>>> print(open('entry25.cif').read())   # mmCIF, C-alpha atoms
data_coords
#
loop_
_atom_site.label_atom_id
_atom_site.label_comp_id
_atom_site.auth_asym_id
_atom_site.auth_seq_id
_atom_site.Cartn_x
_atom_site.Cartn_y
_atom_site.Cartn_z
CA MET A 1 -39.97 -26.58 7.44
CA LYS A 2 -36.71 -26.76 5.50
CA PRO A 3 -37.13 -27.72 1.84
CA LEU A 4 -35.57 -31.10 1.04
CA LEU A 5 -36.12 -30.77 -2.68
CA GLU A 6 -36.51 -27.66 -4.75
CA CYS A 7 -36.97 -27.67 -8.53
CA ARG A 8 -36.92 -24.34 -10.31
CA ASN A 9 -38.02 -23.70 -13.90
CA ILE A 10 -37.33 -27.24 -15.09
CA THR A 11 -37.74 -27.58 -18.84
CA VAL A 12 -36.82 -30.46 -21.12
CA VAL A 13 -36.64 -30.15 -24.89
CA TYR A 14 -36.47 -33.24 -27.09
CA PRO A 15 -35.68 -33.05 -30.78
CA ILE A 16 -38.31 -34.95 -32.78
CA ALA A 17 -39.03 -35.28 -36.47
CA ASP A 18 -39.88 -31.86 -37.94
CA GLY A 19 -39.38 -29.97 -34.72
CA ILE A 20 -39.03 -30.16 -30.96
CA LEU A 21 -41.08 -31.41 -28.04
CA ARG A 22 -41.04 -29.12 -25.02
CA LEU A 23 -42.04 -30.61 -21.66
CA TYR A 24 -43.45 -28.54 -18.79
CA GLY A 25 -44.26 -25.46 -20.89
CA GLU A 26 -42.24 -22.49 -19.65
CA GLY A 27 -40.92 -24.59 -16.78
CA VAL A 28 -42.15 -26.45 -13.72
CA SER A 29 -41.20 -25.28 -10.24
CA PHE A 30 -42.03 -26.84 -6.90
CA THR A 31 -40.71 -27.28 -3.38
CA LEU A 32 -40.93 -30.43 -1.28
CA GLU A 33 -40.35 -29.87 2.40
CA GLU A 34 -38.64 -32.34 4.71
CA GLY A 35 -41.40 -34.74 5.75
CA GLY A 36 -43.63 -33.63 2.88
CA PHE A 37 -45.64 -35.76 0.48
CA LEU A 38 -46.10 -34.43 -3.04
CA SER A 39 -47.99 -35.91 -5.98
CA VAL A 40 -47.07 -34.97 -9.53
CA VAL A 41 -50.14 -35.43 -11.67
CA GLY A 42 -50.20 -35.55 -15.44
CA GLY A 43 -51.36 -37.50 -18.44
CA SER A 44 -49.44 -40.10 -20.38
CA GLY A 45 -46.42 -38.60 -22.17
CA TRP A 46 -46.50 -35.38 -20.15
CA GLY A 47 -43.07 -36.01 -18.59
CA LYS A 48 -43.84 -37.52 -15.20
CA SER A 49 -41.15 -40.20 -15.53
CA THR A 50 -38.71 -37.68 -16.99
CA LEU A 51 -39.26 -35.46 -13.96
CA VAL A 52 -38.56 -38.44 -11.67
CA ASN A 53 -35.33 -39.12 -13.55
CA ILE A 54 -34.36 -35.45 -13.25
CA VAL A 55 -35.08 -35.42 -9.51
CA LEU A 56 -32.98 -38.58 -9.07
CA GLY A 57 -30.09 -37.39 -11.24
CA LEU A 58 -30.54 -39.93 -14.03
CA GLU A 59 -31.38 -37.24 -16.59
CA LYS A 60 -30.43 -33.60 -16.84
CA PRO A 61 -32.95 -30.89 -17.61
CA THR A 62 -32.44 -28.67 -20.64
CA ARG A 63 -32.99 -25.72 -18.33
CA GLY A 64 -33.62 -25.29 -14.63
CA ILE A 65 -32.12 -26.12 -11.26
CA VAL A 66 -32.57 -29.02 -8.84
CA GLN A 67 -31.64 -28.38 -5.21
CA LEU A 68 -31.45 -31.17 -2.67
CA ASP A 69 -31.03 -30.39 1.00
CA GLY A 70 -30.04 -26.84 0.09
CA GLU A 71 -27.38 -27.78 -2.46
CA ASN A 72 -27.55 -27.40 -6.24
CA VAL A 73 -27.36 -31.01 -7.47
CA THR A 74 -28.47 -30.45 -11.07
CA GLU A 75 -25.20 -31.90 -12.39
CA GLN A 76 -24.86 -34.63 -9.77
CA SER A 77 -25.54 -38.33 -10.34
CA PHE A 78 -28.05 -40.45 -8.41
CA VAL A 79 -25.24 -41.99 -6.35
CA LYS A 80 -23.91 -38.62 -5.22
CA ARG A 81 -27.38 -37.33 -4.42
CA SER A 82 -28.21 -40.52 -2.57
CA SER A 83 -25.06 -40.29 -0.47
CA ARG A 84 -26.23 -36.81 0.58
CA VAL A 85 -29.87 -37.72 1.15
CA LYS A 86 -30.59 -41.46 1.42
CA THR A 87 -32.99 -42.03 -1.44
CA ALA A 88 -34.90 -45.04 -2.74
CA ALA A 89 -36.72 -45.11 -6.04
CA VAL A 90 -39.45 -47.22 -7.57
CA PHE A 91 -39.55 -46.82 -11.32
CA GLN A 92 -42.43 -47.33 -13.68
CA ARG A 93 -40.69 -50.33 -15.20
CA PRO A 94 -39.78 -53.06 -12.70
CA THR A 95 -36.09 -53.27 -11.83
CA ALA A 96 -34.52 -56.42 -10.46
CA LEU A 97 -31.46 -58.49 -11.24
CA PRO A 98 -32.78 -61.42 -13.30
CA GLN A 99 -30.16 -63.89 -12.07
CA LEU A 100 -30.98 -63.35 -8.39
CA THR A 101 -34.06 -64.51 -6.51
CA VAL A 102 -36.49 -62.02 -5.00
CA LEU A 103 -34.90 -62.47 -1.57
CA GLN A 104 -31.37 -62.12 -2.95
CA ASN A 105 -32.39 -58.94 -4.79
CA LEU A 106 -33.68 -57.36 -1.60
CA HIS A 107 -30.55 -58.40 0.30
CA LEU A 108 -28.28 -57.01 -2.41
CA ALA A 109 -30.09 -53.67 -2.49
CA LEU A 110 -29.85 -53.30 1.27
CA SER A 111 -26.22 -54.44 1.42
CA MET A 112 -25.33 -51.87 -1.26
CA MET A 113 -26.75 -49.25 1.09
CA GLY A 114 -24.47 -50.53 3.84
CA ILE A 115 -27.21 -51.95 6.05
CA PRO A 116 -25.77 -54.58 8.46
CA LYS A 117 -26.72 -58.22 7.86
CA ARG A 118 -28.86 -58.70 10.97
CA ASP A 119 -30.92 -55.61 10.04
CA ARG A 120 -31.16 -56.79 6.43
CA ASP A 121 -32.75 -60.07 7.51
CA ASP A 122 -35.34 -58.32 9.66
CA ARG A 123 -36.15 -55.65 7.12
CA THR A 124 -36.50 -58.01 4.16
CA LYS A 125 -38.70 -60.35 6.18
CA GLU A 126 -40.90 -57.47 7.31
CA ALA A 127 -41.21 -55.98 3.81
CA MET A 128 -41.87 -59.33 2.15
CA THR A 129 -44.54 -60.21 4.68
CA PHE A 130 -46.23 -56.86 4.21
CA PHE A 131 -46.37 -57.24 0.44
CA GLY A 132 -47.29 -60.93 0.55
CA LEU A 133 -44.05 -62.05 -1.08
CA GLU A 134 -43.02 -64.82 1.35
CA LYS A 135 -43.93 -67.60 -1.06
CA LEU A 136 -42.09 -65.86 -3.88
CA SER A 137 -38.83 -65.34 -2.00
CA ARG A 138 -37.01 -68.03 -4.02
CA SER A 139 -38.61 -67.08 -7.34
CA TYR A 140 -36.68 -65.29 -10.07
CA PRO A 141 -38.00 -61.88 -11.21
CA ASP A 142 -38.57 -62.97 -14.80
CA SER A 143 -41.04 -65.61 -13.62
CA LEU A 144 -43.21 -63.07 -11.78
CA SER A 145 -46.28 -61.22 -13.03
CA ALA A 146 -46.14 -57.45 -13.54
CA GLY A 147 -47.99 -56.86 -10.28
CA GLN A 148 -45.68 -59.17 -8.34
CA LYS A 149 -42.62 -57.40 -9.78
CA ARG A 150 -44.07 -54.08 -8.67
CA ARG A 151 -44.56 -55.43 -5.17
CA VAL A 152 -40.91 -56.58 -5.11
CA ASP A 153 -39.82 -53.07 -6.12
CA LEU A 154 -41.94 -51.49 -3.41
CA ALA A 155 -40.68 -53.96 -0.81
CA ARG A 156 -37.06 -53.24 -1.82
CA ALA A 157 -37.54 -49.47 -1.62
CA LEU A 158 -39.39 -49.49 1.68
CA ALA A 159 -37.06 -52.00 3.34
CA ALA A 160 -34.28 -49.46 2.82
CA LYS A 161 -36.15 -46.99 5.07
CA PRO A 162 -34.95 -44.04 3.02
CA ARG A 163 -35.17 -40.39 3.99
CA PHE A 164 -36.52 -39.58 0.54
CA LEU A 165 -38.75 -41.95 -1.42
CA VAL A 166 -39.44 -41.37 -5.11
CA LEU A 167 -42.16 -43.39 -6.81
CA ASP A 168 -43.09 -43.29 -10.47
CA GLU A 169 -46.72 -44.42 -10.81
CA PRO A 170 -46.36 -46.90 -7.93
CA THR A 171 -49.77 -48.46 -8.37
CA GLY A 172 -49.37 -49.24 -12.06
CA ASP A 173 -49.71 -53.02 -12.65
CA LEU A 174 -51.16 -53.54 -9.18
CA ASP A 175 -54.61 -54.91 -8.58
CA SER A 176 -56.98 -52.92 -6.41
CA SER A 177 -56.38 -55.04 -3.29
CA VAL A 178 -52.65 -54.23 -3.28
CA THR A 179 -53.27 -50.63 -4.31
CA ASN A 180 -55.52 -50.32 -1.29
CA LEU A 181 -52.55 -51.44 0.84
CA VAL A 182 -49.95 -49.23 -0.80
CA MET A 183 -51.64 -45.88 -0.56
CA PRO A 184 -52.35 -46.03 3.19
CA LEU A 185 -48.83 -47.40 3.67
CA LEU A 186 -47.32 -44.37 1.93
CA ARG A 187 -49.51 -42.06 3.97
CA GLY A 188 -48.40 -43.84 7.16
CA LEU A 189 -44.71 -43.71 6.22
CA ASN A 190 -45.04 -40.01 5.62
CA LYS A 191 -47.15 -39.20 8.64
CA ASP A 192 -45.72 -41.54 11.27
CA HIS A 193 -42.08 -41.84 10.13
CA GLY A 194 -41.62 -38.44 8.52
CA MET A 195 -40.49 -39.95 5.24
CA THR A 196 -40.40 -37.40 2.43
CA ILE A 197 -42.25 -38.78 -0.59
CA LEU A 198 -42.51 -37.68 -4.21
CA MET A 199 -44.97 -39.69 -6.27
CA THR A 200 -46.18 -39.39 -9.84
CA THR A 201 -49.57 -40.58 -10.93
CA ALA A 202 -52.07 -40.14 -13.70
CA LEU A 203 -54.95 -40.84 -11.32
CA PRO A 204 -56.37 -37.92 -9.31
CA ARG A 205 -57.80 -40.28 -6.65
CA HIS A 206 -54.28 -41.56 -5.90
CA ALA A 207 -52.83 -38.07 -6.04
CA SER A 208 -55.17 -37.06 -3.23
CA THR A 209 -53.24 -39.38 -0.90
CA ALA A 210 -50.47 -36.78 -0.84
CA LYS A 211 -50.53 -33.57 1.17
CA HIS A 212 -49.75 -31.49 -1.90
CA GLN A 213 -50.17 -31.86 -5.63
CA ILE A 214 -48.77 -30.26 -8.72
CA HIS A 215 -50.34 -30.67 -12.12
CA LEU A 216 -48.10 -30.86 -15.15
CA ARG A 217 -48.98 -29.11 -18.36
CA PRO A 218 -49.25 -31.06 -21.60
CA PRO A 219 -46.14 -31.02 -23.78
CA ILE A 220 -45.81 -28.48 -26.55
CA PHE A 221 -44.88 -29.46 -30.09
CA GLN A 222 -42.97 -26.80 -31.97
CA THR A 223 -42.36 -27.26 -35.65
CA GLU A 224 -39.16 -25.93 -37.12
CA GLN A 225 -39.57 -22.56 -38.73
CA PRO A 226 -39.05 -22.62 -42.50
CA ILE A 227 -35.88 -20.81 -43.50
CA ALA A 228 -36.69 -17.32 -44.85
CA ARG A 229 -35.48 -16.73 -48.37
CA MET B 1 -24.01 -46.34 10.76
CA GLU B 2 -25.19 -47.16 7.24
CA ARG B 3 -22.57 -46.42 4.64
CA PRO B 4 -23.00 -47.37 0.98
CA SER B 5 -20.61 -50.18 0.14
CA TRP B 6 -18.74 -51.04 -3.05
CA ALA B 7 -18.20 -54.69 -2.26
CA PRO B 8 -21.73 -56.08 -2.79
CA VAL B 9 -22.25 -54.60 -6.24
CA VAL B 10 -18.80 -55.61 -7.50
CA LEU B 11 -18.47 -59.03 -5.85
CA SER B 12 -22.06 -60.24 -6.30
CA GLY B 13 -21.53 -60.27 -10.05
CA ALA B 14 -18.06 -61.79 -10.11
CA LEU B 15 -19.09 -65.36 -10.79
CA PRO B 16 -20.13 -66.15 -14.35
CA ARG B 17 -23.68 -67.54 -14.25
CA GLU B 18 -24.97 -67.04 -17.77
CA LEU B 19 -24.93 -69.58 -20.58
CA SER B 20 -22.96 -67.16 -22.75
CA ASP B 21 -20.28 -66.96 -20.04
CA LEU B 22 -20.04 -70.75 -19.92
CA LEU B 23 -19.75 -70.89 -23.71
CA ALA B 24 -16.96 -68.29 -23.60
CA ILE B 25 -15.17 -70.34 -20.93
CA SER B 26 -15.54 -73.46 -23.09
CA ILE B 27 -14.13 -71.74 -26.18
CA LEU B 28 -11.14 -70.38 -24.26
CA ALA B 29 -10.60 -73.74 -22.55
CA LEU B 30 -10.63 -75.59 -25.88
CA ALA B 31 -8.16 -73.11 -27.37
CA SER B 32 -5.95 -73.39 -24.27
CA LEU B 33 -6.03 -77.18 -24.36
CA GLU B 34 -5.14 -77.18 -28.03
CA SER B 35 -2.29 -74.82 -27.25
CA VAL B 36 -1.04 -76.96 -24.36
CA PHE B 37 -1.08 -80.21 -26.36
CA ALA B 38 0.32 -78.65 -29.52
CA GLN B 39 3.33 -77.01 -27.83
CA LEU B 40 5.98 -79.63 -27.44
CA GLN B 41 8.70 -77.02 -27.26
CA ARG B 42 8.73 -73.68 -25.51
CA PHE B 43 6.00 -71.33 -26.55
CA ASN B 44 6.68 -69.00 -29.40
CA GLN B 45 5.94 -66.00 -27.23
CA PRO B 46 5.11 -63.10 -29.58
CA ALA B 47 2.83 -65.10 -31.84
CA TRP B 48 1.22 -66.94 -28.96
CA PHE B 49 0.60 -63.76 -27.00
CA ALA B 50 -0.84 -62.03 -30.07
CA THR B 51 -3.26 -64.94 -30.51
CA LEU B 52 -4.31 -64.72 -26.87
CA LEU B 53 -4.73 -60.96 -27.09
CA VAL B 54 -7.15 -61.38 -29.98
CA LEU B 55 -8.96 -64.51 -28.84
CA VAL B 56 -9.64 -63.61 -25.19
CA PRO B 57 -11.14 -60.11 -25.57
CA MET B 58 -13.16 -61.08 -28.61
CA THR B 59 -14.65 -64.10 -26.86
CA CYS B 60 -15.39 -62.08 -23.72
CA ALA B 61 -16.96 -59.22 -25.67
CA LEU B 62 -19.12 -61.68 -27.62
CA ALA B 63 -20.25 -63.33 -24.37
CA ALA B 64 -21.24 -59.94 -22.95
CA LEU B 65 -22.96 -58.83 -26.15
CA SER B 66 -24.93 -62.03 -26.65
CA ASN B 67 -26.57 -61.55 -23.31
CA SER B 68 -27.27 -57.84 -23.50
CA SER B 69 -31.01 -57.92 -22.76
CA ARG B 70 -30.41 -59.64 -19.42
CA THR B 71 -27.37 -57.57 -18.55
CA GLN B 72 -29.29 -54.41 -19.31
CA LYS B 73 -31.90 -55.46 -16.73
CA GLU B 74 -29.01 -56.08 -14.35
CA GLU B 75 -27.59 -52.59 -14.97
CA LEU B 76 -30.97 -50.88 -14.57
CA ALA B 77 -31.51 -52.68 -11.26
CA LEU B 78 -28.03 -51.89 -9.97
CA PHE B 79 -28.46 -48.19 -10.72
CA ALA B 80 -31.88 -48.28 -9.05
CA TYR B 81 -30.34 -49.93 -5.98
CA GLY B 82 -27.86 -47.06 -5.74
CA GLY B 83 -24.88 -48.41 -7.66
CA SER B 84 -22.59 -46.14 -9.64
CA GLY B 85 -21.43 -46.53 -13.23
CA LEU B 86 -17.89 -47.23 -12.05
CA GLN B 87 -19.03 -49.96 -9.66
CA ILE B 88 -21.02 -51.62 -12.42
CA GLN B 89 -18.03 -51.47 -14.77
CA LEU B 90 -15.83 -53.05 -12.11
CA ARG B 91 -18.44 -55.78 -11.67
CA TYR B 92 -18.22 -56.67 -15.35
CA ILE B 93 -14.44 -56.33 -15.53
CA LEU B 94 -14.15 -58.77 -12.63
CA ARG B 95 -16.58 -61.20 -14.27
CA GLY B 96 -14.66 -61.00 -17.56
CA VAL B 97 -11.38 -61.64 -15.74
CA VAL B 98 -12.92 -64.67 -13.99
CA VAL B 99 -14.27 -66.01 -17.31
CA SER B 100 -10.81 -65.58 -18.87
CA ILE B 101 -8.93 -67.13 -15.97
CA ILE B 102 -11.21 -70.19 -15.85
CA GLY B 103 -11.12 -70.50 -19.64
CA LEU B 104 -7.34 -70.30 -19.71
CA SER B 105 -6.97 -72.76 -16.82
CA PRO B 106 -5.23 -75.45 -18.96
CA LEU B 107 -2.49 -72.89 -19.63
CA TRP B 108 -2.20 -71.95 -15.95
CA LEU B 109 -1.88 -75.59 -14.99
CA ARG B 110 0.77 -76.19 -17.61
CA PHE B 111 2.75 -73.19 -16.42
CA LEU B 112 2.48 -74.20 -12.80
CA ALA B 113 3.73 -77.65 -13.72
CA THR B 114 6.62 -76.57 -15.89
CA GLU B 115 7.68 -73.01 -15.18
CA SER B 116 8.69 -70.74 -12.37
CA ILE B 117 5.87 -68.78 -10.76
CA LEU B 118 7.63 -65.57 -11.84
CA SER B 119 7.96 -66.67 -15.44
CA THR B 120 7.15 -63.99 -17.99
CA ASN B 121 5.06 -66.64 -19.72
CA LEU B 122 2.73 -66.53 -16.74
CA VAL B 123 2.38 -62.76 -16.99
CA LEU B 124 1.15 -62.99 -20.56
CA PRO B 125 -2.08 -64.92 -19.93
CA LEU B 126 -2.65 -62.79 -16.83
CA GLY B 127 -2.46 -59.69 -19.04
CA SER B 128 -4.83 -61.37 -21.48
CA ALA B 129 -7.30 -62.04 -18.67
CA ILE B 130 -7.30 -58.36 -17.71
CA VAL B 131 -7.83 -57.36 -21.33
CA GLY B 132 -10.65 -59.96 -21.40
CA GLY B 133 -12.24 -58.25 -18.38
CA LEU B 134 -12.06 -54.85 -20.04
CA ALA B 135 -13.57 -56.28 -23.22
CA TYR B 136 -16.36 -57.92 -21.22
CA ALA B 137 -17.23 -54.53 -19.67
CA ALA B 138 -17.06 -52.55 -22.92
CA PRO B 139 -20.62 -53.26 -24.19
CA ALA B 140 -22.09 -52.26 -20.81
CA LEU B 141 -20.06 -49.06 -20.79
CA LYS B 142 -21.42 -48.12 -24.21
CA ARG B 143 -24.97 -49.08 -23.23
CA THR B 144 -25.14 -47.28 -19.88
CA ARG B 145 -23.67 -44.08 -21.33
CA SER B 146 -26.22 -43.87 -24.12
CA LEU B 147 -29.10 -41.42 -23.80
CA ALA B 148 -31.56 -44.26 -24.42
CA PHE B 149 -30.49 -46.11 -21.27
CA VAL B 150 -32.49 -44.12 -18.71
CA GLU B 151 -35.51 -44.22 -21.02
CA GLN B 152 -35.74 -47.89 -20.02
CA TYR B 153 -36.95 -46.85 -16.57
CA LYS B 154 -40.06 -45.38 -18.14
CA GLY B 155 -43.09 -47.44 -18.94
#
>>> encode(input="entry25.cif", output="structure tokens")
Amino acid sequence: MKPLLECRNITVVYPIADGILRLYGEGVSFTLEEGGFLSVVGGSGWGKSTLVNIVLGLEKPTRGIVQLDGENVTEQSFVKRSSRVKTAAVFQRPTALPQLTVLQNLHLALSMMGIPKRDRDDRTKEAMTFFGLEKLSRSYPDSLSAGQKRRVDLARALAAKPRFLVLDEPTGDLDSSVTNLVMPLLRGLNKDHGMTILMTTALPRHASTAKHQIHLRPPIFQTEQPIAR
Amino acid sequence: MERPSWAPVVLSGALPRELSDLLAISILALASLESVFAQLQRFNQPAWFATLLVLVPMTCALAALSNSSRTQKEELALFAYGGSGLQIQLRYILRGVVVSIIGLSPLWLRFLATESILSTNLVLPLGSAIVGGLAYAAPALKRTRSLAFVEQYKG
């Protein structure tokens, strides 16, 4: 299988008080094949969300290379990457336009991707039904609970039917009944539709949904060396 | 064939919907009305244009700034939906221009009633509206370019 995503020796260094914080030790490397499903497992503050941002093009690594569909995209933005490989993302923090209803948000996201109106109607209806959002279609995002917002994000991402789906802790804020829906859904999308999925999680039982897993190393704190006199 | 489109992201945000936008429109409309009723003779162009050039962008920038927590959510969502920084800037520029044009409507109406459509006096408020749009987009430009912006996606 051809690799869709390849990350090589990704390292991120943050300056902090009295030193630096180095994520991923000497560097994290992995390959995600077309049609693959990879879980990135790590504890809180280990850089799972940062890795998602790097994969999407929202952040740049201090060192390392990101290749998408065989091209070095390390310096490319999310928009450019997405125009090359249709990508949808679900972030850890819910993302929706506060002045639009749930239904309008889904329509806007799909129209931005250039999906024709008749398809948009079908896809939004299907996604909202699956995630039990029909009664919330006219609600505004700020009036929803954390779990409901997460379901809206998932519905928006899946309605787009992307080639590459990136999820940052997708089951955070969800109760167990919805989590029990989401994990088999992801497995089905990957297995039956060949969707390539990258997911981060802190929970090993969710990570096992994926075909492959990588485990991040804890960050390293390095204090600044005192200046020799 | 699905092709990403510019129109939805830019046009869906063109209409001012926020309270701060309505306040900005009200301030500009009051200033325009005052200007219309106070000017019995022809406008003193340089002074009048200078006033517009200060009033319009400042009011628009204040409207955008006073609503930054909501607009930041808007920007985060638009990036997540696949929008680009340029598209989002255009969205705000357009909204700022619309706020300015509606706010300055007493002036437009006066011009349409009294002057030729090609009058230079008409060009001046139009220029002010464009400057208003740029000023409306400025806080978002600063916000989305900051390193802290993408941190908002993290929990």
>>> residues_near_point(input="entry25.cif", point="(-36.3, -52.3, 9.5)", cutoff="8 Å", atoms="all atoms listed in the file", output="VMD selection string")
chain A and resid 119 to 120 122 to 124 126 159 to 161
>>> closest_residue(input="entry25.cif", among="A:Lys48, A:Lys2, A:Arg84, A:Arg217", to="Met199 of chain A", atoms="all atoms listed in the file")
A:Lys48
>>> residues_around(input="entry25.cif", residues="segment 87-93 of chain A", least_positions_apart="5", cutoff="6 Å", atoms="all atoms listed in the file", output="list of chain:residue names")
A:Ser82, A:Ala157, A:Pro162, A:Phe164, A:Leu165, A:Val166, A:Leu167, A:Asp168, A:Glu169, B:Tyr153, B:Lys154, B:Gly155
>>> closest_residue(input="entry25.cif", among="A:Lys149, A:Leu181, A:Val102, A:Thr95", to="Lys135 of chain A", atoms="only C-alpha atoms")
A:Val102
>>> residues_near_point(input="entry25.cif", point="(-35.6, -34.1, 5.6)", cutoff="9 Å", atoms="only C-alpha atoms", output="PyMOL selection string")
chain A and resi 1-5+33-36+69+85+163-164+194-196
>>> resolve_selection(input="entry25.cif", expression="the PyMOL selection byres ((chain B) within 10 of (chain A))", output="PDB file with C-alpha atoms, keeping the file's coordinate frame")
ATOM      1  CA  MET B   1     -24.010 -46.340  10.760  1.00  0.00           C
ATOM      2  CA  GLU B   2     -25.190 -47.160   7.240  1.00  0.00           C
ATOM      3  CA  ARG B   3     -22.570 -46.420   4.640  1.00  0.00           C
ATOM      4  CA  PRO B   4     -23.000 -47.370   0.980  1.00  0.00           C
ATOM      5  CA  SER B   5     -20.610 -50.180   0.140  1.00  0.00           C
ATOM      6  CA  TRP B   6     -18.740 -51.040  -3.050  1.00  0.00           C
ATOM      7  CA  ALA B   7     -18.200 -54.690  -2.260  1.00  0.00           C
ATOM      8  CA  PRO B   8     -21.730 -56.080  -2.790  1.00  0.00           C
ATOM      9  CA  VAL B   9     -22.250 -54.600  -6.240  1.00  0.00           C
ATOM     10  CA  VAL B  10     -18.800 -55.610  -7.500  1.00  0.00           C
ATOM     11  CA  SER B  12     -22.060 -60.240  -6.300  1.00  0.00           C
ATOM     12  CA  GLY B  13     -21.530 -60.270 -10.050  1.00  0.00           C
ATOM     13  CA  ARG B  17     -23.680 -67.540 -14.250  1.00  0.00           C
ATOM     14  CA  GLU B  18     -24.970 -67.040 -17.770  1.00  0.00           C
ATOM     15  CA  ARG B  70     -30.410 -59.640 -19.420  1.00  0.00           C
ATOM     16  CA  THR B  71     -27.370 -57.570 -18.550  1.00  0.00           C
ATOM     17  CA  GLN B  72     -29.290 -54.410 -19.310  1.00  0.00           C
ATOM     18  CA  LYS B  73     -31.900 -55.460 -16.730  1.00  0.00           C
ATOM     19  CA  GLU B  74     -29.010 -56.080 -14.350  1.00  0.00           C
ATOM     20  CA  GLU B  75     -27.590 -52.590 -14.970  1.00  0.00           C
ATOM     21  CA  LEU B  76     -30.970 -50.880 -14.570  1.00  0.00           C
ATOM     22  CA  ALA B  77     -31.510 -52.680 -11.260  1.00  0.00           C
ATOM     23  CA  LEU B  78     -28.030 -51.890  -9.970  1.00  0.00           C
ATOM     24  CA  PHE B  79     -28.460 -48.190 -10.720  1.00  0.00           C
ATOM     25  CA  ALA B  80     -31.880 -48.280  -9.050  1.00  0.00           C
ATOM     26  CA  TYR B  81     -30.340 -49.930  -5.980  1.00  0.00           C
ATOM     27  CA  GLY B  82     -27.860 -47.060  -5.740  1.00  0.00           C
ATOM     28  CA  GLY B  83     -24.880 -48.410  -7.660  1.00  0.00           C
ATOM     29  CA  SER B  84     -22.590 -46.140  -9.640  1.00  0.00           C
ATOM     30  CA  GLY B  85     -21.430 -46.530 -13.230  1.00  0.00           C
ATOM     31  CA  LEU B 147     -29.100 -41.420 -23.800  1.00  0.00           C
ATOM     32  CA  PHE B 149     -30.490 -46.110 -21.270  1.00  0.00           C
ATOM     33  CA  VAL B 150     -32.490 -44.120 -18.710  1.00  0.00           C
ATOM     34  CA  GLU B 151     -35.510 -44.220 -21.020  1.00  0.00           C
ATOM     35  CA  GLN B 152     -35.740 -47.890 -20.020  1.00  0.00           C
ATOM     36  CA  TYR B 153     -36.950 -46.850 -16.570  1.00  0.00           C
ATOM     37  CA  LYS B 154     -40.060 -45.380 -18.140  1.00  0.00           C
ATOM     38  CA  GLY B 155     -43.090 -47.440 -18.940  1.00  0.00           C
TER      39      GLY B 155
END
>>> atom_distance(input="entry25.cif", atom1="atom CA of Ala113 of chain B", atom2="atom CA of Leu134 of chain B")
28.4 Å
>>> residues_around(input="entry25.cif", residues="Leu94 of chain B", least_positions_apart="4", cutoff="9 Å", atoms="all atoms listed in the file", output="number ranges by chain")
B: 10-11, 13-15, 89-90, 98-99, 130, 133-134, 136-137
>>> atom_distance(input="entry25.cif", atom1="atom CA of Gln222 of chain A", atom2="atom CA of Thr74 of chain A")
25.7 Å
>>> closest_residue(input="entry25.cif", among="A:Leu32, A:Ile54, A:Ala127, A:Val66", to="Cys7 of chain A", atoms="all atoms listed in the file")
A:Val66
>>> resolve_selection(input="entry25.cif", expression="the PyMOL selection byres ((chain A and resi 134) around 12)", output="PyMOL selection string")
chain A and resi 101-103+124-133+135-139+148+151-152+155
>>> closest_residue(input="entry25.cif", among="B:Gly103, B:Pro46, B:Gly132, B:Gly96", to="Ile25 of chain B", atoms="all atoms listed in the file")
B:Gly103
>>> closest_residue(input="entry25.cif", among="B:Val36, B:Asp21, B:Trp48, B:Val54", to="Leu124 of chain B", atoms="only C-alpha atoms")
B:Trp48
>>> resolve_selection(input="entry25.cif", expression="the PyMOL selection byres ((chain B and resi 56) around 12)", output="MDAnalysis selection string")
chainID B and resid 24:29 31:32 48:55 57:63 96:104 124:136
>>> axis_aligned_box(input="entry25.cif", around="segment 117-131 of chain B", padding_each_side="5 Å", output="lines of an AutoDock Vina configuration file")
center_x = 0.1
center_y = -63.1
center_z = -16.1
size_x = 25.8
size_y = 21.4
size_z = 20.7
>>> atom_distance(input="entry25.cif", atom1="atom CA of Asp173 of chain A", atom2="atom CA of Gly147 of chain A")
4.8 Å
>>> closest_residue(input="entry25.cif", among="B:Leu86, B:Ala64, B:Pro16, B:Pro106", to="Ser35 of chain B", atoms="only C-alpha atoms")
B:Pro106
